[in-house]
file data_27.pdb (PDB, C-alpha atoms)
ATOM      1  CA  MET D 300       3.099  -1.950  28.890  1.00  0.00           C
ATOM      2  CA  GLN D 301       4.419  -4.386  26.302  1.00  0.00           C
ATOM      3  CA  LEU D 302       5.468  -2.673  23.085  1.00  0.00           C
ATOM      4  CA  PRO D 303       3.708  -3.797  19.900  1.00  0.00           C
ATOM      5  CA  PRO D 304       5.766  -5.841  17.408  1.00  0.00           C
ATOM      6  CA  CYS D 305       6.431  -4.481  13.957  1.00  0.00           C
ATOM      7  CA  PRO D 306       3.728  -5.821  11.576  1.00  0.00           C
ATOM      8  CA  LEU D 307       6.196  -5.962   8.678  1.00  0.00           C
ATOM      9  CA  CYS D 308       9.413  -7.556   9.980  1.00  0.00           C
ATOM     10  CA  LEU D 309       7.873  -8.835  13.256  1.00  0.00           C
ATOM     11  CA  ASN D 310      10.680  -7.278  15.284  1.00  0.00           C
ATOM     12  CA  ALA D 311       9.676  -6.985  18.946  1.00  0.00           C
ATOM     13  CA  ARG D 312      11.805  -3.891  19.603  1.00  0.00           C
ATOM     14  CA  ALA D 313       9.641  -1.238  17.959  1.00  0.00           C
ATOM     15  CA  ARG D 314       9.668   2.064  19.830  1.00  0.00           C
ATOM     16  CA  PHE D 315       7.112   4.789  20.433  1.00  0.00           C
ATOM     17  CA  PHE D 316       7.807   8.070  18.643  1.00  0.00           C
ATOM     18  CA  TYR D 317       4.625  10.137  18.263  1.00  0.00           C
ATOM     19  CA  LYS D 318       1.087  10.563  19.610  1.00  0.00           C
ATOM     20  CA  SER D 319      -1.614  12.453  17.756  1.00  0.00           C
ATOM     21  CA  ASP D 320      -4.856  13.797  19.155  1.00  0.00           C
ATOM     22  CA  ASP D 321      -6.917  15.259  16.332  1.00  0.00           C
ATOM     23  CA  ARG D 322     -10.616  15.191  15.490  1.00  0.00           C
ATOM     24  CA  HIS D 323     -10.440  11.444  14.823  1.00  0.00           C
ATOM     25  CA  GLY D 324      -9.209  10.776  18.355  1.00  0.00           C
ATOM     26  CA  PRO D 325      -5.799   9.909  19.840  1.00  0.00           C
ATOM     27  CA  ARG D 326      -3.432   7.515  18.091  1.00  0.00           C
ATOM     28  CA  GLU D 327       0.070   6.320  18.930  1.00  0.00           C
ATOM     29  CA  PHE D 328       2.739   5.737  16.316  1.00  0.00           C
ATOM     30  CA  TYR D 329       5.733   3.432  16.610  1.00  0.00           C
ATOM     31  CA  GLU D 330       8.852   3.010  14.510  1.00  0.00           C
ATOM     32  CA  CYS D 331      10.843  -0.121  13.785  1.00  0.00           C
ATOM     33  CA  PRO D 332      14.655   0.067  14.001  1.00  0.00           C
ATOM     34  CA  VAL D 333      15.014  -2.966  11.717  1.00  0.00           C
ATOM     35  CA  CYS D 334      12.827  -2.266   8.653  1.00  0.00           C
ATOM     36  CA  ASP D 335      12.150   1.443   9.359  1.00  0.00           C
ATOM     37  CA  LEU D 336       8.362   1.061   9.115  1.00  0.00           C
ATOM     38  CA  ALA D 337       6.278   3.537  11.103  1.00  0.00           C
ATOM     39  CA  PHE D 338       2.987   2.054  12.207  1.00  0.00           C
ATOM     40  CA  VAL D 339      -0.114   2.377  14.354  1.00  0.00           C
ATOM     41  CA  PRO D 340      -0.666  -0.591  16.719  1.00  0.00           C
ATOM     42  CA  PRO D 341      -3.894  -2.622  16.479  1.00  0.00           C
ATOM     43  CA  ARG D 342      -5.606  -1.029  19.486  1.00  0.00           C
ATOM     44  CA  PHE D 343      -5.935   2.181  17.445  1.00  0.00           C
ATOM     45  CA  HIS D 344      -7.221   0.569  14.233  1.00  0.00           C
ATOM     46  CA  LEU D 345     -10.715   1.411  13.074  1.00  0.00           C
ATOM     47  CA  PRO D 346     -13.236  -1.447  13.114  1.00  0.00           C
ATOM     48  CA  PRO D 347     -13.982  -2.795   9.618  1.00  0.00           C
ATOM     49  CA  ASP D 348     -17.389  -1.107   9.310  1.00  0.00           C
ATOM     50  CA  ALA D 349     -15.961   2.314  10.160  1.00  0.00           C
ATOM     51  CA  GLU D 350     -13.036   1.721   7.820  1.00  0.00           C
ATOM     52  CA  MET D 351     -15.342   0.795   4.956  1.00  0.00           C
ATOM     53  CA  GLU D 352     -17.537   3.833   5.639  1.00  0.00           C
ATOM     54  CA  ARG D 353     -14.517   6.088   5.249  1.00  0.00           C
ATOM     55  CA  TYR D 354     -13.476   4.387   2.000  1.00  0.00           C
ATOM     56  CA  LEU D 355     -16.949   5.076   0.610  1.00  0.00           C
ATOM     57  CA  MET D 356     -16.280   8.787   1.134  1.00  0.00           C
ATOM     58  CA  HIS D 357     -13.508   8.658  -1.479  1.00  0.00           C
ATOM     59  CA  ASP D 358     -14.426   9.796  -4.983  1.00  0.00           C
ATOM     60  CA  ASN D 359     -12.995   6.976  -7.109  1.00  0.00           C
ATOM     61  CA  ASP D 360     -14.987   7.549 -10.295  1.00  0.00           C
ATOM     62  CA  PRO D 361     -13.261   5.745 -13.202  1.00  0.00           C
ATOM     63  CA  ASN D 362     -14.452   8.514 -15.519  1.00  0.00           C
ATOM     64  CA  ASP D 363     -13.032  11.357 -13.432  1.00  0.00           C
ATOM     65  CA  GLN D 364     -10.099  12.798 -15.369  1.00  0.00           C
ATOM     66  CA  GLY D 365      -8.406  14.194 -12.279  1.00  0.00           C
ATOM     67  CA  TYR D 366      -8.452  10.793 -10.607  1.00  0.00           C
ATOM     68  CA  ARG D 367      -7.135   9.119 -13.748  1.00  0.00           C
ATOM     69  CA  THR D 368      -4.300  11.650 -13.885  1.00  0.00           C
ATOM     70  CA  PHE D 369      -3.476  10.857 -10.266  1.00  0.00           C
ATOM     71  CA  LEU D 370      -3.346   7.105 -10.979  1.00  0.00           C
ATOM     72  CA  SER D 371      -1.248   7.673 -14.091  1.00  0.00           C
ATOM     73  CA  ARG D 372       1.631   8.660 -11.812  1.00  0.00           C
ATOM     74  CA  LEU D 373       2.097   4.925 -11.265  1.00  0.00           C
ATOM     75  CA  TRP D 374       0.782   3.556 -14.536  1.00  0.00           C
ATOM     76  CA  GLY D 375       2.843   5.983 -16.595  1.00  0.00           C
ATOM     77  CA  VAL D 376       6.125   4.571 -15.236  1.00  0.00           C
ATOM     78  CA  LEU D 377       5.006   0.931 -14.944  1.00  0.00           C
ATOM     79  CA  ARG D 378       3.447   0.495 -18.386  1.00  0.00           C
ATOM     80  CA  PRO D 379       6.727   0.875 -20.370  1.00  0.00           C
ATOM     81  CA  MET D 380       8.246  -1.917 -18.272  1.00  0.00           C
ATOM     82  CA  LEU D 381       5.586  -4.450 -19.304  1.00  0.00           C
ATOM     83  CA  PRO D 382       5.403  -6.633 -22.414  1.00  0.00           C
ATOM     84  CA  GLU D 383       2.390  -6.138 -24.639  1.00  0.00           C
ATOM     85  CA  GLY D 384      -0.543  -8.282 -23.585  1.00  0.00           C
ATOM     86  CA  ALA D 385       0.755  -8.819 -20.047  1.00  0.00           C
ATOM     87  CA  SER D 386      -1.763  -9.934 -17.442  1.00  0.00           C
ATOM     88  CA  GLY D 387      -2.177  -8.030 -14.200  1.00  0.00           C
ATOM     89  CA  LEU D 388      -3.982  -7.707 -10.905  1.00  0.00           C
ATOM     90  CA  ASP D 389      -5.118  -4.425  -9.387  1.00  0.00           C
ATOM     91  CA  TYR D 390      -5.031  -5.187  -5.655  1.00  0.00           C
ATOM     92  CA  GLY D 391      -7.000  -2.855  -3.403  1.00  0.00           C
ATOM     93  CA  CYS D 392      -8.882  -1.224  -6.260  1.00  0.00           C
ATOM     94  CA  GLY D 393     -11.585   0.335  -4.062  1.00  0.00           C
ATOM     95  CA  PRO D 394     -15.231   0.768  -5.037  1.00  0.00           C
ATOM     96  CA  GLY D 395     -14.392   2.345  -8.395  1.00  0.00           C
ATOM     97  CA  PRO D 396     -11.618   0.344 -10.136  1.00  0.00           C
ATOM     98  CA  ALA D 397     -10.412   3.192 -12.302  1.00  0.00           C
ATOM     99  CA  LEU D 398      -6.839   1.969 -12.749  1.00  0.00           C
ATOM    100  CA  ALA D 399      -8.038  -1.422 -13.966  1.00  0.00           C
ATOM    101  CA  GLN D 400     -10.178   0.341 -16.550  1.00  0.00           C
ATOM    102  CA  MET D 401      -7.207   2.439 -17.683  1.00  0.00           C
ATOM    103  CA  MET D 402      -4.994  -0.644 -18.019  1.00  0.00           C
ATOM    104  CA  ARG D 403      -7.657  -2.513 -19.981  1.00  0.00           C
ATOM    105  CA  GLU D 404      -8.011   0.472 -22.305  1.00  0.00           C
ATOM    106  CA  ASP D 405      -4.286   0.095 -22.985  1.00  0.00           C
ATOM    107  CA  GLY D 406      -4.774  -3.531 -24.029  1.00  0.00           C
ATOM    108  CA  PHE D 407      -3.854  -5.379 -20.840  1.00  0.00           C
ATOM    109  CA  SER D 408      -5.810  -8.198 -19.237  1.00  0.00           C
ATOM    110  CA  VAL D 409      -6.533  -7.165 -15.642  1.00  0.00           C
ATOM    111  CA  LYS D 410      -8.270  -8.785 -12.683  1.00  0.00           C
ATOM    112  CA  ILE D 411      -9.323  -6.843  -9.588  1.00  0.00           C
ATOM    113  CA  TYR D 412      -9.414  -7.579  -5.869  1.00  0.00           C
ATOM    114  CA  ASP D 413     -10.419  -5.496  -2.880  1.00  0.00           C
ATOM    115  CA  LEU D 414     -10.963  -6.706   0.663  1.00  0.00           C
ATOM    116  CA  TYR D 415     -14.236  -4.782   1.026  1.00  0.00           C
ATOM    117  CA  PHE D 416     -15.585  -4.104  -2.463  1.00  0.00           C
ATOM    118  CA  PHE D 417     -14.414  -6.976  -4.707  1.00  0.00           C
ATOM    119  CA  SER D 418     -13.650  -9.739  -2.245  1.00  0.00           C
ATOM    120  CA  ASP D 419     -14.111 -12.779  -4.498  1.00  0.00           C
ATOM    121  CA  PRO D 420     -10.852 -14.693  -3.806  1.00  0.00           C
ATOM    122  CA  GLU D 421     -10.671 -16.264  -7.276  1.00  0.00           C
ATOM    123  CA  PRO D 422      -8.207 -13.651  -8.633  1.00  0.00           C
ATOM    124  CA  LEU D 423      -5.844 -14.589  -5.788  1.00  0.00           C
ATOM    125  CA  SER D 424      -5.517 -18.115  -7.165  1.00  0.00           C
ATOM    126  CA  ARG D 425      -3.850 -17.013 -10.414  1.00  0.00           C
ATOM    127  CA  VAL D 426      -0.359 -15.906 -11.426  1.00  0.00           C
ATOM    128  CA  TYR D 427       0.323 -12.536 -13.054  1.00  0.00           C
ATOM    129  CA  ASP D 428       2.934 -10.591 -14.990  1.00  0.00           C
ATOM    130  CA  PHE D 429       2.303  -7.514 -12.840  1.00  0.00           C
ATOM    131  CA  ILE D 430       0.393  -6.274  -9.796  1.00  0.00           C
ATOM    132  CA  THR D 431      -0.607  -2.701  -9.041  1.00  0.00           C
ATOM    133  CA  CYS D 432      -1.274  -1.461  -5.521  1.00  0.00           C
ATOM    134  CA  THR D 433      -2.190   2.235  -5.422  1.00  0.00           C
ATOM    135  CA  GLU D 434      -2.841   4.029  -2.140  1.00  0.00           C
ATOM    136  CA  THR D 435      -3.383   0.668  -0.433  1.00  0.00           C
ATOM    137  CA  VAL D 436      -0.251  -0.548   1.396  1.00  0.00           C
ATOM    138  CA  GLU D 437      -0.725   2.151   4.034  1.00  0.00           C
ATOM    139  CA  HIS D 438      -3.944   0.348   5.060  1.00  0.00           C
ATOM    140  CA  PHE D 439      -2.342  -3.081   5.572  1.00  0.00           C
ATOM    141  CA  ARG D 440      -2.807  -4.472   9.079  1.00  0.00           C
ATOM    142  CA  ASN D 441      -0.424  -7.351   8.316  1.00  0.00           C
ATOM    143  CA  PRO D 442       1.834  -6.098   5.526  1.00  0.00           C
ATOM    144  CA  LEU D 443       4.271  -9.022   5.624  1.00  0.00           C
ATOM    145  CA  GLU D 444       1.447 -11.467   4.848  1.00  0.00           C
ATOM    146  CA  VAL D 445       0.331  -9.390   1.874  1.00  0.00           C
ATOM    147  CA  PHE D 446       3.817  -9.018   0.385  1.00  0.00           C
ATOM    148  CA  ILE D 447       4.304 -12.777   0.710  1.00  0.00           C
ATOM    149  CA  LEU D 448       0.992 -13.172  -1.124  1.00  0.00           C
ATOM    150  CA  PHE D 449       2.190 -10.829  -3.861  1.00  0.00           C
ATOM    151  CA  ASP D 450       5.316 -12.938  -4.296  1.00  0.00           C
ATOM    152  CA  SER D 451       3.166 -16.043  -4.802  1.00  0.00           C
ATOM    153  CA  LEU D 452       1.017 -14.229  -7.386  1.00  0.00           C
ATOM    154  CA  LEU D 453       3.890 -12.919  -9.519  1.00  0.00           C
ATOM    155  CA  ARG D 454       5.662 -14.788 -12.266  1.00  0.00           C
ATOM    156  CA  SER D 455       9.440 -14.659 -12.374  1.00  0.00           C
ATOM    157  CA  ARG D 456      10.483 -11.182 -13.587  1.00  0.00           C
ATOM    158  CA  GLY D 457       7.011  -9.940 -12.711  1.00  0.00           C
ATOM    159  CA  ARG D 458       6.537  -6.375 -11.489  1.00  0.00           C
ATOM    160  CA  LEU D 459       4.773  -4.965  -8.456  1.00  0.00           C
ATOM    161  CA  GLY D 460       3.923  -1.271  -8.685  1.00  0.00           C
ATOM    162  CA  VAL D 461       3.232   0.476  -5.373  1.00  0.00           C
ATOM    163  CA  MET D 462       2.048   4.041  -4.901  1.00  0.00           C
ATOM    164  CA  THR D 463       1.895   5.369  -1.341  1.00  0.00           C
ATOM    165  CA  GLY D 464       2.995   8.400   0.604  1.00  0.00           C
ATOM    166  CA  ILE D 465       6.639   7.593   1.307  1.00  0.00           C
ATOM    167  CA  LEU D 466       7.824   8.937   4.662  1.00  0.00           C
ATOM    168  CA  GLU D 467      10.907  11.060   4.129  1.00  0.00           C
ATOM    169  CA  ASP D 468      11.493  13.006   7.330  1.00  0.00           C
ATOM    170  CA  ARG D 469      10.140  12.033  10.751  1.00  0.00           C
ATOM    171  CA  SER D 470      10.854  15.540  12.062  1.00  0.00           C
ATOM    172  CA  ASP D 471       7.864  16.763  10.022  1.00  0.00           C
ATOM    173  CA  PHE D 472       5.627  13.823  10.916  1.00  0.00           C
ATOM    174  CA  ALA D 473       3.212  15.884  13.039  1.00  0.00           C
ATOM    175  CA  ASP D 474       2.432  18.120  10.047  1.00  0.00           C
ATOM    176  CA  TRP D 475       2.329  15.348   7.445  1.00  0.00           C
ATOM    177  CA  TYR D 476      -1.196  15.119   6.070  1.00  0.00           C
ATOM    178  CA  TYR D 477      -0.825  11.414   5.323  1.00  0.00           C
ATOM    179  CA  GLN D 478      -0.700  10.330   8.960  1.00  0.00           C
ATOM    180  CA  ARG D 479      -3.949  12.171   9.744  1.00  0.00           C
ATOM    181  CA  ASP D 480      -6.133   9.702   7.851  1.00  0.00           C
ATOM    182  CA  PRO D 481      -7.423   7.262  10.501  1.00  0.00           C
ATOM    183  CA  THR D 482      -7.327   4.383   8.007  1.00  0.00           C
ATOM    184  CA  HIS D 483      -3.599   4.921   7.358  1.00  0.00           C
ATOM    185  CA  ILE D 484      -1.742   2.634   9.748  1.00  0.00           C
ATOM    186  CA  ALA D 485       1.548   1.746   8.001  1.00  0.00           C
ATOM    187  CA  PHE D 486       4.076   4.249   6.683  1.00  0.00           C
ATOM    188  CA  TYR D 487       7.014   3.232   4.520  1.00  0.00           C
ATOM    189  CA  THR D 488      10.353   4.905   3.949  1.00  0.00           C
ATOM    190  CA  ALA D 489      12.701   4.168   1.065  1.00  0.00           C
ATOM    191  CA  ARG D 490      14.672   2.039   3.524  1.00  0.00           C
ATOM    192  CA  THR D 491      11.497   0.088   4.304  1.00  0.00           C
ATOM    193  CA  MET D 492      11.029  -0.595   0.604  1.00  0.00           C
ATOM    194  CA  ASP D 493      14.649  -1.772   0.404  1.00  0.00           C
ATOM    195  CA  TRP D 494      14.005  -4.116   3.347  1.00  0.00           C
ATOM    196  CA  ILE D 495      10.944  -5.566   1.595  1.00  0.00           C
ATOM    197  CA  ALA D 496      12.939  -6.134  -1.583  1.00  0.00           C
ATOM    198  CA  GLU D 497      15.697  -7.918   0.319  1.00  0.00           C
ATOM    199  CA  ARG D 498      13.244 -10.013   2.352  1.00  0.00           C
ATOM    200  CA  MET D 499      11.325 -11.124  -0.754  1.00  0.00           C
ATOM    201  CA  ASN D 500      14.412 -11.479  -2.997  1.00  0.00           C
ATOM    202  CA  TRP D 501      13.143  -8.726  -5.282  1.00  0.00           C
ATOM    203  CA  LYS D 502      14.742  -5.633  -6.734  1.00  0.00           C
ATOM    204  CA  VAL D 503      13.251  -2.175  -6.143  1.00  0.00           C
ATOM    205  CA  GLN D 504      13.515   1.127  -7.946  1.00  0.00           C
ATOM    206  CA  PHE D 505      11.967   4.544  -7.280  1.00  0.00           C
ATOM    207  CA  PRO D 506      11.182   6.083 -10.674  1.00  0.00           C
ATOM    208  CA  ALA D 507       8.994   8.917  -9.327  1.00  0.00           C
ATOM    209  CA  PRO D 508       8.015  10.446  -5.972  1.00  0.00           C
ATOM    210  CA  ASN D 509       5.917   8.080  -3.843  1.00  0.00           C
ATOM    211  CA  ILE D 510       6.334   5.284  -6.398  1.00  0.00           C
ATOM    212  CA  ALA D 511       8.179   1.986  -5.833  1.00  0.00           C
ATOM    213  CA  ILE D 512       8.495  -0.632  -8.565  1.00  0.00           C
ATOM    214  CA  PHE D 513       9.545  -4.101  -7.401  1.00  0.00           C
ATOM    215  CA  THR D 514      10.797  -6.825  -9.747  1.00  0.00           C
ATOM    216  CA  LYS D 515      10.609 -10.465  -8.744  1.00  0.00           C
ATOM    217  CA  LEU D 516      13.899 -12.219  -9.510  1.00  0.00           C
TER
END
call {"tool": "encode", "arguments": {"input": "data_27.pdb", "output": "structure tokens"}}
result
Amino acid sequence: MQLPPCPLCLNARARFFYKSDDRHGPREFYECPVCDLAFVPPRFHLPPDAEMERYLMHDNDPNDQGYRTFLSRLWGVLRPMLPEGASGLDYGCGPGPALAQMMREDGFSVKIYDLYFFSDPEPLSRVYDFITCTETVEHFRNPLEVFILFDSLLRSRGRLGVMTGILEDRSDFADWYYQRDPTHIAFYTARTMDWIAERMNWKVQFPAPNIAIFTKL
């Protein structure tokens, strides 16, 4: 059987490393020796309607204080890096764009985009000072295409704030809760984030656990 190519760096030498068989059904996981991404090949991806149904199970109420506290893990480190009045895009905001509301409350102009819930492409025709992407990159079927899009949407010196479960130790992968979500299909290590930064000619820093802040040069 032909091995699936890496969806991030497109390397054809990805290798199998784990198979799960939980209540959501069997899935295979591969790892890329070039960019270090771990990923689920397309034959195990949920169809869009099933994926959307699972997203609707998430409680993304913008008025829920616990959810706002969770999102502040990214916003709390990104906000001090931004000039007052900066314009931003919350990409992958889900059905309840809580982070966008929080950023607007802090005086920032923010547009939203989500493939399923706010799919008007108009916000993707603008240029921004910053982009936020919380708990979203792990859902990307074609991550390279999306990071190239982000580069086109950012002004020079613009920031991209990413929050995702960063894979630290593959020896514990079987017990890692993050890989059990059937909509999670791409898993990034710190080395993966470094590869993205180099590929896009960005800089990256890791100011908090599971947080990566990229700066466009």
call {"tool": "atom_distance", "arguments": {"input": "data_27.pdb", "atom1": "CA of Pro422 in chain D", "atom2": "CA of Cys392 in chain D"}}
result
12.7 Å
call {"tool": "closest_atom_pairs", "arguments": {"input": "data_27.pdb", "of": "range 355-404 of chain D", "to": "range 434-452 of chain D", "cutoff": "9 Å", "atoms": "only C-alpha atoms", "output": "CSV"}}
result
residue,atom,partner,partner_atom,distance
D:Leu388,CA,D:Leu452,CA,8.9
D:Tyr390,CA,D:Thr435,CA,8.0
D:Gly391,CA,D:Thr435,CA,5.9
D:Cys392,CA,D:Thr435,CA,8.2
D:Gly393,CA,D:Thr435,CA,9.0
call {"tool": "resolve_selection", "arguments": {"input": "data_27.pdb", "expression": "the PyMOL selection byres ((chain D and resi 382) around 12)", "output": "list in words"}}
result
Leu377, Arg378, Pro379, Met380, Leu381, Glu383, Gly384, Ala385, Ser386, Gly387, Asp405, Gly406, Phe407, Ser408, Asp428, Phe429, Arg456, Gly457 and Arg458 of chain D
call {"tool": "resolve_selection", "arguments": {"input": "data_27.pdb", "expression": "the PyMOL selection byres ((chain D and resi 321) around 12)", "output": "list in words"}}
result
Lys318, Ser319, Asp320, Arg322, His323, Gly324, Pro325, Arg326, Glu327, Ala473, Asp474, Tyr476, Gln478, Arg479, Asp480 and Pro481 of chain D
call {"tool": "atom_distance", "arguments": {"input": "data_27.pdb", "atom1": "CA of Trp494 in chain D", "atom2": "CA of Ala507 in chain D"}}
result
18.9 Å
call {"tool": "atom_distance", "arguments": {"input": "data_27.pdb", "atom1": "CA of Leu307 in chain D", "atom2": "CA of Ile495 in chain D"}}
result
8.5 Å
call {"tool": "resolve_selection", "arguments": {"input": "data_27.pdb", "expression": "the PyMOL selection byres ((chain D and resi 515) around 9)", "output": "number ranges by chain"}}
result
D: 450, 453-459, 496, 499-502, 513-514, 516
call {"tool": "closest_residue", "arguments": {"input": "data_27.pdb", "among": "D:Ile430, D:Leu414, D:Leu302, D:Ile465", "to": "Arg342 in chain D", "atoms": "all atoms listed in the file"}}
result
D:Leu302
call {"tool": "closest_atom_pairs", "arguments": {"input": "data_27.pdb", "of": "range 438-513 of chain D", "to": "range 329-336 of chain D", "cutoff": "9 Å", "atoms": "only C-alpha atoms", "output": "tab-separated table"}}
result
residue	atom	partner	partner_atom	distance
D:Ala485	CA	D:Leu336	CA	6.9
D:Phe486	CA	D:Leu336	CA	5.9
D:Tyr487	CA	D:Leu336	CA	5.3
D:Thr488	CA	D:Asp335	CA	6.7
D:Ala489	CA	D:Asp335	CA	8.7
D:Arg490	CA	D:Asp335	CA	6.4
D:Thr491	CA	D:Cys334	CA	5.1
D:Met492	CA	D:Cys334	CA	8.4
D:Asp493	CA	D:Cys334	CA	8.5
D:Trp494	CA	D:Cys334	CA	5.7
D:Ile495	CA	D:Cys334	CA	8.0
call {"tool": "closest_residue", "arguments": {"input": "data_27.pdb", "among": "D:Ala337, D:Ile411, D:Asn509, D:Pro394", "to": "Arg372 in chain D", "atoms": "all atoms listed in the file"}}
result
D:Asn509
call {"tool": "closest_residue", "arguments": {"input": "data_27.pdb", "among": "D:Ile510, D:Cys432, D:Leu345, D:Leu423", "to": "Leu466 in chain D", "atoms": "all atoms listed in the file"}}
result
D:Ile510
call {"tool": "build_atoms", "arguments": {"input": "data_27.pdb", "residues": "range 433-447 of chain D", "atoms": "N, CA, C and O atoms", "output": "mmCIF file, in the coordinates of the input"}}
result
data_model
loop_
_atom_site.group_PDB
_atom_site.id
_atom_site.type_symbol
_atom_site.label_atom_id
_atom_site.label_comp_id
_atom_site.auth_asym_id
_atom_site.auth_seq_id
_atom_site.Cartn_x
_atom_site.Cartn_y
_atom_site.Cartn_z
ATOM 1 N N THR D 433 -2.230 0.779 -5.546
ATOM 2 C CA THR D 433 -2.190 2.235 -5.422
ATOM 3 C C THR D 433 -2.943 2.691 -4.184
ATOM 4 O O THR D 433 -4.106 2.345 -3.979
ATOM 5 N N GLU D 434 -2.254 3.480 -3.360
ATOM 6 C CA GLU D 434 -2.841 4.029 -2.140
ATOM 7 C C GLU D 434 -3.523 2.934 -1.315
ATOM 8 O O GLU D 434 -4.657 3.091 -0.844
ATOM 9 N N THR D 435 -2.815 1.830 -1.122
ATOM 10 C CA THR D 435 -3.383 0.668 -0.433
ATOM 11 C C THR D 435 -2.468 0.120 0.652
ATOM 12 O O THR D 435 -2.936 -0.275 1.722
ATOM 13 N N VAL D 436 -1.153 0.086 0.429
ATOM 14 C CA VAL D 436 -0.251 -0.548 1.396
ATOM 15 C C VAL D 436 -0.269 0.147 2.750
ATOM 16 O O VAL D 436 0.036 -0.470 3.778
ATOM 17 N N GLU D 437 -0.661 1.427 2.761
ATOM 18 C CA GLU D 437 -0.725 2.151 4.034
ATOM 19 C C GLU D 437 -1.894 1.680 4.901
ATOM 20 O O GLU D 437 -1.958 2.014 6.085
ATOM 21 N N HIS D 438 -2.803 0.887 4.321
ATOM 22 C CA HIS D 438 -3.944 0.348 5.060
ATOM 23 C C HIS D 438 -3.689 -1.069 5.593
ATOM 24 O O HIS D 438 -4.530 -1.603 6.323
ATOM 25 N N PHE D 439 -2.566 -1.672 5.233
ATOM 26 C CA PHE D 439 -2.342 -3.081 5.572
ATOM 27 C C PHE D 439 -2.144 -3.265 7.076
ATOM 28 O O PHE D 439 -1.230 -2.691 7.669
ATOM 29 N N ARG D 440 -2.968 -4.130 7.667
ATOM 30 C CA ARG D 440 -2.807 -4.472 9.079
ATOM 31 C C ARG D 440 -1.668 -5.474 9.273
ATOM 32 O O ARG D 440 -0.990 -5.461 10.300
ATOM 33 N N ASN D 441 -1.477 -6.336 8.270
ATOM 34 C CA ASN D 441 -0.424 -7.351 8.316
ATOM 35 C C ASN D 441 0.357 -7.302 7.002
ATOM 36 O O ASN D 441 0.214 -8.177 6.140
ATOM 37 N N PRO D 442 1.183 -6.285 6.824
ATOM 38 C CA PRO D 442 1.834 -6.098 5.526
ATOM 39 C C PRO D 442 2.726 -7.253 5.095
ATOM 40 O O PRO D 442 2.780 -7.563 3.901
ATOM 41 N N LEU D 443 3.405 -7.919 6.030
ATOM 42 C CA LEU D 443 4.271 -9.022 5.624
ATOM 43 C C LEU D 443 3.465 -10.105 4.921
ATOM 44 O O LEU D 443 3.883 -10.629 3.879
ATOM 45 N N GLU D 444 2.291 -10.436 5.464
ATOM 46 C CA GLU D 444 1.447 -11.467 4.848
ATOM 47 C C GLU D 444 1.060 -11.091 3.431
ATOM 48 O O GLU D 444 1.027 -11.949 2.538
ATOM 49 N N VAL D 445 0.774 -9.809 3.202
ATOM 50 C CA VAL D 445 0.331 -9.390 1.874
ATOM 51 C C VAL D 445 1.495 -9.408 0.884
ATOM 52 O O VAL D 445 1.337 -9.829 -0.263
ATOM 53 N N PHE D 446 2.679 -8.985 1.305
ATOM 54 C CA PHE D 446 3.817 -9.018 0.385
ATOM 55 C C PHE D 446 4.218 -10.461 0.061
ATOM 56 O O PHE D 446 4.639 -10.749 -1.069
ATOM 57 N N ILE D 447 4.077 -11.359 1.006
ATOM 58 C CA ILE D 447 4.304 -12.777 0.710
ATOM 59 C C ILE D 447 3.275 -13.276 -0.295
ATOM 60 O O ILE D 447 3.593 -14.038 -1.219
#
